[in-house]
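Comments concern the structure below.
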Amino acid sequence: MNPSRELAKREPEPAAIEKPIEGVAAPHSYNYGVDPNAETEVHLLDYWRAVRKRLWLVISIVVLVTMLSVLYVARKPDIYQAEARVQVDLENNAALVGRTPYVIGPANDPTYFNTQLQILTSPGLLRRVVKTLDLEHNPDFFKGSSTQKRSTWQTVMRMVGLGSEPPEDPKSRPRDELPLRTTVAPASSREDLVEAKQLSRYVGAILGNLRVNPVKETRGYYKETRLIDVSFTHTDPQVAAKVVNAIAETYVFSNLEKKTETNTSTGDFLQKRVAELQQQIREDEERLVNYARNNQIISLDASQNTVVARLAGLSSQLLEAENDRKRAEADYHGAKYEGAASALVDADEKRIGDLESRLADLRQKRAQLLVEATEEAPEVKEVTQQIRELESQVKDLRSRKSTTLLTNLETRYRQTSAREEALRKAFDKQRSETLTQNEAAINYRIIQQEIETNKSLLANLLQRSKENDVVMAGKPNNISIIDYAIAPDGPIGPNRMRTVFIALFLSTGLGVGFALFLEYLDDTVHSTDEVERLLHLPALAVIPSVGAGTRRRLLGGPGALQKHNGHLATNPELLMNVDGRSPLAESYRHLRTSVLLSTAGRAPRSLLVTSSLPGEGKTTTAVNTAISLAQTGASVVIIDADMRRPRLHSIFNLSDRAGLSSILSSDLSEAGILELVWKDEVTGLHLLTSGPIPPNPAELLGSDQMRRLIAALQSNFSHVVVDSPPVSSFTDGVLISSMVDGVLLVVHGGKSSRHIVKRSRQLLQDVGAKIFGVVLNNVSLQSHDYYYYQRYYSRRYYDKDVDQQAVAGR
């Protein structure tokens with residue numbers, strides 16, 4: 001380009017409304033007639049647009065979820081169902097023997113049949129089934145059938161009807177199949193909670209696949225039966241049949257156990273008591289033998305009891321010894337009295353008698369002598385002396401004999417006392433032994449009586465046990481198995497196609513819901529409808545985005561402006577670099593028409609182009625709008641009032657040493673102002689750059705000098721386009737908006753937040769600015785919201801190419 005610093009003189013021009021506008025029509029929407037309540041209204045078409053906007057996301061979710069469901073159901077094994085039938089007859093209970101039984105059953109007791117249905121699914125019954133089949137050690141129960149060897153692809157082909165069931169290998173058939181009838185395991189103890197907890201996993205697995213349904217006849221009319229169908233589903237047909245048959249057998253056996261529960265309990269009690277009594281009798285007999293041996297009990301017969309006989313002998317001997325001791329004691333104590341000993345001695349001794357006789361003779365002689373003589377007479381004294389000697393001899397002799405007698409009596413007394421004491425000790429010992437033996441005999445007889453009692457009770461219990469067995473043998477069972485289950489040949493499920501269709505339906509709903517959710521979270525402005533509904537402003541134009549594919553179409557076209565240098569070529573979104581037939585050029589022509597028709601009576605002379613945030617394309621929009629206005633032949637000047645981030649000088653490769661800041665910071669005349677205006681020879685635009693960045697841009701832009709500048713430029717140019725900073729970030733644009741005829745608010749499609757855009761609109765309206773409308777910039781025409789624009793512009797672009805090729809061919 002060749003920018004010129006010559007004074008730009010305004011030439012007389014026709015009214016802008018009369019200038020030719022090629023291929024454009026009136027703007028499609030204005031603020032007039034916009035419903036203020038439209039912001040809150042949501043129509044069904046809005047949901048449809050939200051879904052179409054994210055159609056590929058919805059399709060991706062549907063395809064992904066559907067394929068995952070196909071893989072899931074294809075990997076699931078086949079389900080087989082085995083079924084057995086049980087008959088529940090009337091229950092007959094004879095209240096009294098010999099009387100007519102009273103019938104209690106489903107016919108007159110509605111709860112009986114329902115009770116049987118609940119019993120079939122009770123955990124206690126199923127625990128017996130688990131123990132009967134030994135499912136704890138059966139790996140096929142949870143692992144499933146080992147005969148299903150189809151691949152996932154083969155299953156998918158069979159789902160769509162393009163595959164066939166592979167032939168069964170005879171070697172894969174199980175060899176150790178369980179018989180239809182098995183021995184029912186005993187029920188778990190009521191107190192054995194550990195076993196119940198251990199088997200709960202298997203009980204839950206059976207209960208989850210078990211179905212118990214009463215058979216109802218529906219031929220012509222509804223009628224109940226006494227039949228119950230018991231079915232079980234499993235991935236292994238053999239396991240399914242085994243489990244069903246085991247449940248039926250266990251149910252029948254449990255019912256019989258319940259009917260004979262009293263007799264069974266009685267029989268068990270009798271057997272237990274018989275065993276206990278037999279064991280107790282054996283123990284008592286052993287205890288009796290050991291007791292007799294330990295207590296030396298030979299016989300309890302009195303005639304053969306030596307202990308008693310010995311006690312009797314000791315008793316008689318003790319009595320005799322006691323009598324002897326008493327006699328010896330009497331003799332001894334009697335001899336102790338004075339003269340008693342001598343009397344005993346005189347009576348027995350002859351010598352003493354002789355001495356006494358001689359002493360009597362001498363006394364008689366002395367008496368005769370005293371008759372004739374005195375005591376002093378010698379013959380008297382001699383006789384007296386002889387008497388004395390004899391008395392002394394008798395006395396000595398008597399004294400010596402009395403002592404010996406007393407000693408003998410004492411010795412005899414002591415001997416009899418000792419003998420009595422010895423016999424008494426022996427007697428006491430023998431009596432103690434006799435008492436002990438009597439006590440042992442009593443205990444011995446007690447043990448004998450216990451043994452005899454237990455033997456008698458044992459005989460009675462054995463008799464009762466035999467009678468109870470006879471009674472149990474006559475108890476009938478009112479429940480029986482009609483049909484046993486056999487291993488099914490074909491599976492009943494899973495219904496893979498139904499699952500896939502359900503997944504398809506749910507994934508469609510999920511995708512649509514997710515798309516609507518993203519639409520709800522999306523706070524940006526996408527379409528002109530949203531602009532008019534949210535901001536109550538007209539959408540003047542929709543500027544398409546320039547992508548990589550679009551750039552190849554925009555540059556180098558036959559109608560494009562080719563007079564750009566290398567720096568301009570880096571901005572393909574500018575009209576000077578695009579083909580005039582492109583959607584971008586058509587959009588700006590549409591915008592030009594909207595701007596020119598935005599005011600009544602005349603076209604606007606001054607125009608402010610701003611945005612809410614940086615990066616929304618306001619500078620590009622301002623330049624392209626100015627170029628579009630210049631293409632009508634009008635003289636247009638564009639002012640770079642963005643002193644925060646000026647870009648106009650870099651776009652047109654101009655110097656920025658003097659510009660708007662220089663004019664506003666000095667008192668230049670109109671001629672001096674026009675000297676700072678550049679002219680681009682390629683586009684015909686007049687340019688006023690921002691100049692050096694001042695420290696106070698807002699003060700300069702809000703000054704009277706700015707108003708005088710705009711008035712001076714309006715008097716010399718047809719249109720004045722001002723590029724300002726974003727109004728939400730800086731007040732510069734708000735200050736300028738009150739000095740111009742109108743404002744264009746640039747909104748980046750799909751990026752600008754609704755709340756920020758509404759705030760920007762409010763800021764402009766608060767200062768009385770006239771907002772012509774909104775320019776929706778950088779919008780992808782691939783979006784469904786602009787499907788019409790895409791087809792229209794593509795068709796028009798194609799038609800022009802064809803026409804030009806035809807002209808070139810001529």
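Following the order of the structure tokens, chains are lettered A, B, ..., residues in each are numbered from 1, and ligands are numbered from 1.
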Give me the residues within 12 Å of Gln279 in chain A as a list in words, counting only C-alpha atoms and dropping any in the same chain fewer than 4 places off.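 Near Gln279 in chain A, the qualifying residues are Lys272, Arg273, Val274, Ala275, Glu283, Asp284, Glu285, Glu286, Ile451, Asn454, Lys455 and Leu458 of chain A.
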Any idea what's packed within 9 Å of range 477-488 of chain A, counting only C-alpha atoms, ignoring anything in its chain fewer than 4 positions away? Could you give it as a PyMOL selection string? chain A and resi 80-92+180-181+227+231+236-242+244-245+248-249+251-253+255-256+259
Mind the document's chain letters and residue numbers, and return as a ChimeraX atom specification the residues of range 511-728 of chain A that DSSP labels strand (DSSP E or B). /A:524,539-544,606-611,636-640,678-679,686-688,719-723
Would you list, as a ChimeraX atom specification, the residues of range 459-678 of chain A that end up in helix (DSSP H, G or I) under DSSP run on this structure's backbone? /A:459-473,496-521,528-535,548-554,568-570,575-577,583-596,618-630,648-651,660-664,670-675
Polymer residues at most 7 Å from Gln705 in chain A, only C-alpha atoms, same-chain spacing of 3 or more positions, as a PyMOL selection string: chain A and resi 664+708-709
Can those selected residues be exported to a file as a tab-separated table (two decimals), in the first residue's frame so that it contains all heavy atoms?
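Output below, filename result.tsv:
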chain	number	residue	atom	x	y	z
A	664	LEU	N	-5.23	14.82	20.72
A	664	LEU	CA	-5.98	15.08	21.95
A	664	LEU	C	-5.14	15.78	23.01
A	664	LEU	O	-5.68	16.47	23.88
A	664	LEU	CB	-6.55	13.78	22.51
A	664	LEU	CG	-7.54	13.03	21.62
A	664	LEU	CD1	-8.01	11.74	22.29
A	664	LEU	CD2	-8.75	13.92	21.29
A	708	ARG	N	-14.53	17.60	19.53
A	708	ARG	CA	-14.21	18.49	18.41
A	708	ARG	C	-13.54	17.72	17.27
A	708	ARG	O	-13.77	18.01	16.09
A	708	ARG	CB	-13.31	19.62	18.91
A	708	ARG	CG	-14.05	20.63	19.79
A	708	ARG	CD	-13.21	21.88	19.98
A	708	ARG	NE	-12.00	21.61	20.75
A	708	ARG	CZ	-11.92	21.69	22.08
A	708	ARG	NH1	-13.00	22.01	22.79
A	708	ARG	NH2	-10.79	21.46	22.69
A	709	LEU	N	-12.73	16.72	17.65
A	709	LEU	CA	-12.07	15.92	16.62
A	709	LEU	C	-13.09	15.17	15.79
A	709	LEU	O	-13.01	15.16	14.54
A	709	LEU	CB	-11.07	14.95	17.27
A	709	LEU	CG	-10.46	13.90	16.35
A	709	LEU	CD1	-9.62	14.58	15.25
A	709	LEU	CD2	-9.61	12.92	17.14
So that I can see what lies close to range 387-393 of chain A, please list as a ChimeraX atom specification the residues with an atom at most 7 Å from it, counting only C-alpha atoms and leaving out residues fewer than 6 positions away in the same chain. /A:355,359,362-363
A:Asn443, A:Val722, A:Phe772, A:Lys751: which is nearest Leu591 in chain A, counting only C-alpha atoms?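 Counting only C-alpha atoms, the residue closest to Leu591 in chain A is A:Phe772.
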Top pick for closest residue to Ala292 in chain A, considering A:Ile447, A:Asn209, A:Leu506, A:Arg366 and counting only C-alpha atoms: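 Of A:Ile447, A:Asn209, A:Leu506, A:Arg366, the one nearest Ala292 in chain A, counting only C-alpha atoms, is A:Ile447.
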